[in-house]
Every structure is written in C-alpha cells, then in structure tokens.
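As provided, start20.txt (compact mmCIF, C-alpha atoms) reads as follows.
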```txt
# COMPACT_ATOMS: atom_id res chain seq x y z
CA MET L 118 118.21 -52.07 99.15
CA ARG L 119 119.12 -55.73 99.26
CA ALA L 120 116.16 -57.86 98.19
CA VAL L 121 115.62 -61.57 97.82
CA ILE L 122 113.00 -62.38 95.19
CA LYS L 123 111.55 -65.88 95.15
CA ILE L 124 109.93 -66.89 91.88
CA GLY L 125 107.51 -69.81 92.07
CA THR L 126 106.97 -72.54 89.51
CA SER L 127 103.52 -71.20 88.66
CA THR L 128 105.08 -67.85 87.72
CA LEU L 129 107.69 -69.38 85.42
CA THR L 130 105.63 -71.98 83.61
CA HIS L 131 102.26 -72.53 82.01
CA THR L 132 100.03 -75.22 83.53
CA SER L 133 101.47 -77.59 80.92
CA GLY L 134 104.91 -77.21 82.50
CA CYS L 135 106.24 -75.42 79.44
CA VAL L 136 108.07 -72.12 79.87
CA ASN L 137 106.00 -68.95 80.13
CA ILE L 138 108.29 -66.97 77.84
CA ARG L 139 106.52 -63.62 78.07
CA ARG L 140 106.42 -63.75 81.88
CA ILE L 141 110.11 -64.63 82.24
CA GLU L 142 111.16 -61.96 79.75
CA ALA L 143 109.21 -59.34 81.71
CA LEU L 144 110.59 -60.49 85.07
CA CYS L 145 114.20 -60.43 83.91
CA LYS L 146 113.78 -57.00 82.32
CA ILE L 147 112.25 -55.49 85.46
CA ILE L 148 114.75 -57.13 87.82
CA SER L 149 117.56 -55.85 85.61
CA ASP L 150 116.09 -52.35 85.84
CA MET L 151 115.87 -52.67 89.63
CA LYS L 152 119.53 -53.66 89.71
CA ASN L 153 120.43 -50.75 87.43
CA ALA L 154 118.80 -48.47 90.02
CA GLY L 155 121.36 -49.64 92.58
CA ASN L 156 119.49 -52.42 94.34
CA GLU L 157 121.21 -55.69 95.22
CA ILE L 158 119.09 -58.59 93.99
CA ILE L 159 119.22 -62.28 94.89
CA LEU L 160 116.85 -64.69 93.18
CA VAL L 161 115.54 -67.92 94.65
CA SER L 162 113.97 -69.72 91.73
CA SER L 163 111.71 -72.72 91.70
CA GLY L 164 110.79 -74.32 88.41
CA ALA L 165 113.45 -76.96 87.76
CA ILE L 166 111.11 -79.91 88.21
CA GLY L 167 108.23 -78.10 86.49
CA MET L 168 110.38 -77.20 83.49
CA GLY L 169 111.75 -80.73 83.40
CA VAL L 170 108.20 -82.03 83.20
CA GLY L 171 107.61 -79.80 80.18
CA LYS L 172 110.96 -80.55 78.53
CA LEU L 173 110.48 -84.31 78.92
CA LYS L 174 106.87 -83.99 77.74
CA LEU L 175 105.55 -85.76 80.82
CA LYS L 176 101.80 -85.67 81.45
CA GLU L 177 102.21 -84.81 85.13
CA ARG L 178 104.79 -84.14 87.83
CA PRO L 179 106.50 -87.44 88.80
CA ARG L 180 105.45 -88.86 92.15
CA ASP L 181 108.57 -90.93 92.85
CA ILE L 182 111.80 -89.35 94.10
CA ALA L 183 113.93 -90.67 91.22
CA GLY L 184 111.45 -89.25 88.70
CA LYS L 185 111.45 -85.86 90.40
CA GLN L 186 115.24 -85.82 90.51
CA ALA L 187 115.45 -86.74 86.82
CA ALA L 188 113.00 -83.98 85.93
CA ALA L 189 114.99 -81.53 88.06
CA ALA L 190 118.25 -82.49 86.33
CA VAL L 191 116.75 -81.71 82.93
CA GLY L 192 114.80 -78.66 84.06
CA GLN L 193 117.66 -76.97 85.94
CA CYS L 194 119.66 -76.79 82.71
CA GLU L 195 116.72 -75.20 80.93
CA LEU L 196 116.05 -72.81 83.80
CA MET L 197 119.59 -71.45 83.97
CA TYR L 198 119.90 -71.27 80.18
CA ILE L 199 116.84 -69.03 80.07
CA TYR L 200 117.97 -66.83 82.96
CA ASP L 201 121.46 -66.46 81.48
CA LYS L 202 120.04 -65.55 78.07
CA GLU L 203 117.52 -63.04 79.40
CA PHE L 204 119.79 -61.28 81.90
CA THR L 205 122.70 -61.18 79.46
CA ALA L 206 120.41 -59.28 77.09
CA HIS L 207 120.28 -56.57 79.77
CA ASN L 208 124.02 -56.67 80.51
CA HIS L 209 123.80 -58.61 83.76
CA THR L 210 125.69 -61.74 84.80
CA VAL L 211 124.01 -64.59 86.66
CA ALA L 212 125.51 -67.16 89.01
CA GLN L 213 123.96 -70.50 89.92
CA ILE L 214 123.99 -71.76 93.51
CA LEU L 215 122.39 -75.13 94.30
CA LEU L 216 121.87 -75.90 97.97
CA THR L 217 120.89 -78.83 100.14
CA ALA L 218 119.70 -78.51 103.73
CA PRO L 219 123.09 -79.43 105.28
CA ASP L 220 124.64 -76.44 103.45
CA LEU L 221 122.72 -74.14 105.79
CA GLN L 222 122.67 -76.41 108.83
CA CYS L 223 126.42 -77.01 109.03
CA GLU L 224 128.17 -73.93 110.41
CA ASP L 225 131.25 -74.25 108.20
CA ARG L 226 129.29 -74.85 104.99
CA HIS L 227 126.85 -72.10 105.88
CA LYS L 228 129.69 -69.62 106.34
CA LYS L 229 131.19 -70.58 102.98
CA PHE L 230 127.81 -70.07 101.33
CA GLU L 231 127.51 -66.62 102.92
CA ASN L 232 131.04 -65.70 101.78
CA THR L 233 130.32 -66.80 98.22
CA LEU L 234 127.00 -64.94 98.18
CA THR L 235 128.67 -61.76 99.47
CA ARG L 236 131.45 -61.95 96.88
CA LEU L 237 129.00 -62.51 94.01
CA ILE L 238 127.03 -59.43 95.06
CA GLU L 239 130.26 -57.42 95.32
CA LEU L 240 131.16 -58.54 91.80
CA GLY L 241 127.80 -57.32 90.51
CA ALA L 242 126.38 -60.75 89.66
CA ILE L 243 122.82 -61.88 90.28
CA PRO L 244 122.92 -65.06 92.39
CA ILE L 245 120.18 -67.51 91.38
CA ILE L 246 119.57 -70.07 94.10
CA ASN L 247 117.59 -73.30 94.02
CA GLU L 248 117.54 -76.47 96.03
CA ASN L 249 119.74 -79.19 94.55
CA ASP L 250 116.79 -81.50 93.91
CA THR L 251 118.88 -83.97 91.93
CA VAL L 252 120.74 -85.12 95.07
CA ALA L 253 118.24 -84.34 97.83
CA THR L 254 117.33 -87.45 99.80
CA GLU L 255 113.89 -86.14 100.64
CA GLU L 256 111.32 -84.71 98.24
CA ILE L 257 112.20 -81.18 99.27
CA GLU L 258 114.71 -81.05 102.11
CA PHE L 259 113.93 -77.45 103.04
CA GLY L 260 110.22 -78.18 102.85
CA ASP L 261 109.82 -75.79 99.90
CA ASN L 262 111.53 -72.85 98.21
CA ASP L 263 109.53 -70.36 100.30
CA THR L 264 111.41 -71.57 103.37
CA LEU L 265 114.67 -71.65 101.41
CA ALA L 266 114.12 -68.04 100.31
CA ALA L 267 113.52 -66.96 103.91
CA LEU L 268 116.71 -68.70 105.05
CA VAL L 269 118.63 -67.05 102.21
CA ALA L 270 117.19 -63.65 103.18
CA GLU L 271 118.30 -64.27 106.75
CA SER L 272 121.80 -65.33 105.65
CA ALA L 273 122.12 -62.37 103.26
CA LYS L 274 120.83 -59.89 105.86
CA ALA L 275 118.34 -58.75 103.26
CA ASP L 276 116.05 -55.77 103.77
CA LEU L 277 113.16 -57.37 101.91
CA LEU L 278 111.93 -60.79 100.80
CA VAL L 279 109.40 -60.96 97.96
CA LEU L 280 107.55 -64.19 97.25
CA LEU L 281 106.05 -64.17 93.77
CA SER L 282 103.31 -66.78 93.57
CA ASP L 283 99.98 -67.51 91.88
CA ILE L 284 97.95 -65.59 94.45
CA ASP L 285 97.66 -61.87 95.24
CA GLY L 286 98.54 -62.31 98.92
CA LEU L 287 97.06 -63.56 102.18
CA TYR L 288 93.27 -63.61 102.26
CA THR L 289 90.70 -63.90 105.02
CA ALA L 290 89.59 -67.16 103.34
CA ASP L 291 90.49 -69.20 100.27
CA PRO L 292 89.61 -66.84 97.37
CA HIS L 293 89.23 -69.82 95.03
CA LYS L 294 86.37 -71.09 97.18
CA ASP L 295 84.95 -68.01 98.91
CA LYS L 296 83.90 -65.04 96.79
CA ASP L 297 83.75 -62.87 99.92
CA ALA L 298 87.41 -63.50 100.80
CA MET L 299 89.31 -60.25 101.32
CA LEU L 300 92.99 -59.49 100.79
CA ILE L 301 94.91 -58.64 103.97
CA PRO L 302 97.33 -55.87 102.90
CA GLU L 303 99.44 -55.67 106.08
CA VAL L 304 100.38 -58.10 108.83
CA TYR L 305 102.25 -56.79 111.88
CA GLU L 306 102.13 -59.97 113.93
CA ILE L 307 101.78 -63.61 112.90
CA THR L 308 99.16 -64.71 115.39
CA PRO L 309 97.55 -68.15 115.62
CA GLU L 310 94.58 -66.62 113.78
CA ILE L 311 96.84 -65.56 110.90
CA GLU L 312 98.50 -68.98 110.81
CA ALA L 313 95.07 -70.62 110.65
CA LEU L 314 94.48 -68.87 107.32
CA GLY L 315 97.13 -71.05 105.67
CA GLY L 316 95.82 -73.59 103.19
CA GLY L 317 97.22 -76.65 101.46
CA ALA L 318 99.68 -77.01 98.59
CA GLY L 319 99.66 -74.74 95.58
CA THR L 320 99.65 -75.77 91.93
CA GLY L 321 100.23 -79.29 90.70
CA LEU L 322 103.65 -78.37 89.32
CA GLY L 323 104.87 -76.69 92.52
CA THR L 324 105.17 -77.68 96.16
CA GLY L 325 104.26 -74.51 98.04
CA GLY L 326 101.09 -73.08 99.52
CA MET L 327 100.09 -70.42 102.04
CA VAL L 328 101.31 -72.57 104.94
CA THR L 329 104.87 -72.45 103.61
CA LYS L 330 104.62 -68.71 102.96
CA LEU L 331 103.55 -68.03 106.52
CA ARG L 332 106.45 -70.18 107.74
CA ALA L 333 108.77 -68.10 105.56
CA ALA L 334 107.27 -64.89 106.96
CA LYS L 335 108.06 -66.00 110.52
CA ILE L 336 111.68 -66.72 109.60
CA ALA L 337 112.18 -63.51 107.62
CA THR L 338 110.49 -61.10 110.02
CA ALA L 339 112.28 -62.61 113.01
CA ALA L 340 115.53 -61.84 111.17
CA GLY L 341 114.52 -58.20 110.69
CA CYS L 342 113.44 -58.57 107.06
CA ASP L 343 110.04 -57.48 105.76
CA MET L 344 108.30 -59.99 103.48
CA ILE L 345 105.75 -59.47 100.72
CA ILE L 346 103.55 -62.03 98.98
CA ALA L 347 102.57 -60.81 95.51
CA ASN L 348 101.15 -62.28 92.32
CA GLY L 349 103.91 -63.24 89.91
CA ALA L 350 101.50 -62.96 86.99
CA TYR L 351 102.07 -59.19 87.22
CA PRO L 352 105.86 -58.62 87.22
CA GLU L 353 105.37 -54.84 87.14
CA LEU L 354 104.27 -55.07 90.78
CA LEU L 355 107.99 -55.27 91.59
CA TYR L 356 108.27 -51.57 90.68
CA ASN L 357 105.52 -50.70 93.18
CA ILE L 358 107.18 -52.84 95.83
CA MET L 359 110.58 -51.22 95.40
CA ASP L 360 108.93 -47.77 95.49
CA GLY L 361 107.32 -48.62 98.83
CA LYS L 362 103.79 -48.71 97.41
CA SER L 363 101.17 -51.19 98.53
CA ALA L 364 101.24 -54.55 96.75
CA GLY L 365 99.99 -57.94 97.88
CA THR L 366 100.43 -58.66 101.59
CA ARG L 367 103.34 -57.17 103.52
CA PHE L 368 104.59 -58.78 106.72
CA PHE L 369 106.48 -56.30 108.86
CA ALA L 370 109.67 -57.32 110.65
CA GLY L 371 110.12 -57.50 114.37
CA LYS L 372 106.72 -58.76 115.49
CA ALA L 373 106.76 -62.44 114.41
```
Spell out the structure here as structure tokens.
Amino acid sequence: MRAVIKIGTSTLTHTSGCVNIRRIEALCKIISDMKNAGNEIILVSSGAIGMGVGKLKLKERPRDIAGKQAAAAVGQCELMYIYDKEFTAHNHTVAQILLTAPDLQCEDRHKKFENTLTRLIELGAIPIINENDTVATEEIEFGDNDTLAALVAESAKADLLVLLSDIDGLYTADPHKDKDAMLIPEVYEITPEIEALGGGAGTGLGTGGMVTKLRAAKIATAAGCDMIIANGAYPELLYNIMDGKSAGTRFFAGKA
C-alpha cells in the first residue's frame, strides 16, 4: 500500500509550541514498522511554524507574514533534525521536500516533483513534505497542509491518505461544544449536509480545521484515494488503519 500520512502541528507539539517528544518517537517507530511491512509511506508534516514558536520562545504564533516566515525558518530545521534522528534510529532515511503552490500548478514543475517523489520511494527513502513557508507570499499558499496532503496523494497515486489531527474524526456537531455529538465512522458521499459540519480553524499553533479536511477529502476521493481523519494523540491507530480496521472517519473514494 502507498499511503500519505499528514501530521498536524497539534500532534507534533505541546500547546506551548515545544516538541512533544514522546508522541514523535511513537509516530516514527510505528511508521518505520509500517514501512518494514512493505508499505510505501510519504509524510506531509506541519509543525515548522509551531516548532519555531517554541524554539524562539515566543508567547504566541506571529500574526505578521515576516514573523511566520522567520518562525518557519527556525522550526523547519528543528523539525527535520528530529525526523532524521528518529527515523535513522530505525534504519530509515528521510528526504525533505519543500513546496510552494506554483510547484504543483505549473505542469513542468509538477512533473519534476512527481519524478523526484517516485525516485525517492524507489530508493527506499521516506519523503517528508511541507510547504516552503519561508518564501510563500501568502500566509499559506495551499490554504493549509490538509489540502497539500490531498494534492500530494493525488500526485503520488496513493491508495490512502491519513490526516492525523487533534480530533477523532468528523462529528455530527462540534464535540467541544455539544456533548451529544456523535462520531461519523464512514462517509460515502460528501454532500452539502456533510460539508455543513465543517467548523473553523483548529489550534492556535496550526492553521487547519474540519473545513480544510473536508476539502482534502473531496480532492483525495475524486482521485480514487480513500481518506481517514484520526486523532494523532494515539499513534497506534495507524496499525488499525493499515490493517483495515475502523478508526476515526473514513471517506471512501469515488463518490465525492
């Protein structure tokens, strides 16, 4: 199986912005085990700005573009250092790919990205992809890393896209506000009613929310790729997902 796993800022860091060491260690160990089992894994990792906030000891995420880009420049180094260290411990090699929107919009650049991604997978490396926030002219050119992950899954012709976030999946209402909200385990069609369940942005250190995840689901499923939203606080859920067991909310391809 070829899977794209998107790891959100809230999964990688504590609310302070500092690295969640135990969580990252567990994720890298499990993903390494998945790769050892013969799966092809591509990571799309948020966290550069969030880690930069922690590394620079800022009280909050910068609001200005230059501040965000500075935090991203510092945090991206920290992010890749940690991934390299953790995956090397399990005998896996990582490769960094930083993208801007034109890299996927321009046919020639898009093709070169696909060729590089294919060769890295053939060489046994784990591509780790993030938006190049340090040079992006907008806050987030793709809109968010959920959308980026869906576009990567489409480009890679992935079988599965997994979005690890700070929520268990798609609910009938906001579970933070409604105690009667129920998890929706399966979605076969993204109807207007499903889209209406999307909320606002996620954590203060990230940029995503359910709206962006539903947008990603439409892109992925239209490309023939199933998508799952699962809680990144429980990395072991990845084992259930790869075994075909129920976890989070699964959006089935072909009906979006």
Is it possible to get the residues within 10 Å of (118.3, -62.8, 105.9) (coordinates as in the file, counting all atoms listed in the file) written as a ChimeraX atom specification? /L:119-121,266-278,336-343
Within 12 Å of (129.5, -62.7, 100.0), in the coordinates the file gives, what residues turn up when you count only C-alpha atoms, written out as a PDB file with C-alpha atoms, keeping the file's coordinate frame?
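Result file part-v1.pdb:
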```
ATOM      1  CA  GLU L 157     121.210 -55.690  95.220  1.00  0.00           C
ATOM      2  CA  ILE L 159     119.220 -62.280  94.890  1.00  0.00           C
ATOM      3  CA  HIS L 227     126.850 -72.100 105.880  1.00  0.00           C
ATOM      4  CA  LYS L 228     129.690 -69.620 106.340  1.00  0.00           C
ATOM      5  CA  LYS L 229     131.190 -70.580 102.980  1.00  0.00           C
ATOM      6  CA  PHE L 230     127.810 -70.070 101.330  1.00  0.00           C
ATOM      7  CA  GLU L 231     127.510 -66.620 102.920  1.00  0.00           C
ATOM      8  CA  ASN L 232     131.040 -65.700 101.780  1.00  0.00           C
ATOM      9  CA  THR L 233     130.320 -66.800  98.220  1.00  0.00           C
ATOM     10  CA  LEU L 234     127.000 -64.940  98.180  1.00  0.00           C
ATOM     11  CA  THR L 235     128.670 -61.760  99.470  1.00  0.00           C
ATOM     12  CA  ARG L 236     131.450 -61.950  96.880  1.00  0.00           C
ATOM     13  CA  LEU L 237     129.000 -62.510  94.010  1.00  0.00           C
ATOM     14  CA  ILE L 238     127.030 -59.430  95.060  1.00  0.00           C
ATOM     15  CA  GLU L 239     130.260 -57.420  95.320  1.00  0.00           C
ATOM     16  CA  LEU L 240     131.160 -58.540  91.800  1.00  0.00           C
ATOM     17  CA  GLY L 241     127.800 -57.320  90.510  1.00  0.00           C
ATOM     18  CA  ALA L 242     126.380 -60.750  89.660  1.00  0.00           C
ATOM     19  CA  ILE L 243     122.820 -61.880  90.280  1.00  0.00           C
ATOM     20  CA  PRO L 244     122.920 -65.060  92.390  1.00  0.00           C
ATOM     21  CA  VAL L 269     118.630 -67.050 102.210  1.00  0.00           C
ATOM     22  CA  SER L 272     121.800 -65.330 105.650  1.00  0.00           C
ATOM     23  CA  ALA L 273     122.120 -62.370 103.260  1.00  0.00           C
ATOM     24  CA  LYS L 274     120.830 -59.890 105.860  1.00  0.00           C
TER      25      LYS L 274
END
```
So which one's closest to Thr128 in chain L, L:Ala165, L:Leu281, L:Ala334, L:Ala154? Using all atoms listed in the file, please.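 Of L:Ala165, L:Leu281, L:Ala334, L:Ala154, the one nearest Thr128 in chain L, counting all atoms listed in the file, is L:Leu281.
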Give me the residues of range 276-332 of chain L that have any atom at most 7 Å from an atom of range 344-365 of chain L; for each, the nearest atom pair and the distance in Å, rounded to one decimal. Use all atoms listed in the file, sort by chain and number, and format it as CSV.
```
residue,atom,partner,partner_atom,distance
L:Leu277,CA,L:Met344,CA,5.7
L:Leu278,CA,L:Met344,CA,4.6
L:Val279,CA,L:Ile345,CA,4.8
L:Leu280,CA,L:Ile346,CA,4.9
L:Leu281,CA,L:Gly349,CA,4.5
L:Ser282,CA,L:Gly349,CA,5.1
L:Asp283,CA,L:Asn348,CA,5.4
L:Ile284,CA,L:Asn348,CA,5.1
L:Asp285,CA,L:Asn348,CA,4.6
L:Gly286,CA,L:Gly365,CA,4.7
L:Pro302,CA,L:Gly365,CA,6.0
```
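In this structure, CA of Thr130 in chain L sits 18.9 Å away from CA of Gly184 in chain L.
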Might you pull out every residue within 7 Å of Glu203 in chain L, with all atoms listed in the file counted and same-chain residues fewer than 3 positions away left off, and present them as a list in words? Glu142, Cys145, Ile199, Tyr200 and Ala206 of chain L
Kindly give the distance, in Å, that separates CA of Ile141 in chain L and CA of Asp263 in chain L, rounded to a single decimal. 19.0 Å
Using CA of Val170 in chain L and CA of Ile214 in chain L as the two end points, give the distance in Å to one decimal. 21.5 Å
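Proximity of L:Val161, L:Leu196, L:Leu173, L:Ala183 to Asn137 in chain L, computed with all atoms listed in the file, is greatest for L:Leu196.
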Looking at L:Lys185, L:Lys296, L:Arg180, L:Lys330, which one is nearest to Leu265 in chain L, with distances taken over all atoms listed in the file? L:Lys330
Using all atoms listed in the file, determine which residues lie at most 12 Å from Ser163 in chain L, disregarding the query and same-chain residues fewer than 6 positions distant; provide the list as a PyMOL selection string. chain L and resi 122-130+169+189+192-193+196-197+215+245-250+257+261-266+280-282+322-325
Could you give me the axis-aligned bounding box of range 157-170 of chain L, with 8 Å of padding per side, as centre plus edge lengths in Å to one decimal, as AutoDock Vina command-line options?
```
--center_x 114.7 --center_y -68.9 --center_z 89.2 --size_x 29.0 --size_y 42.3 --size_z 28.0
```
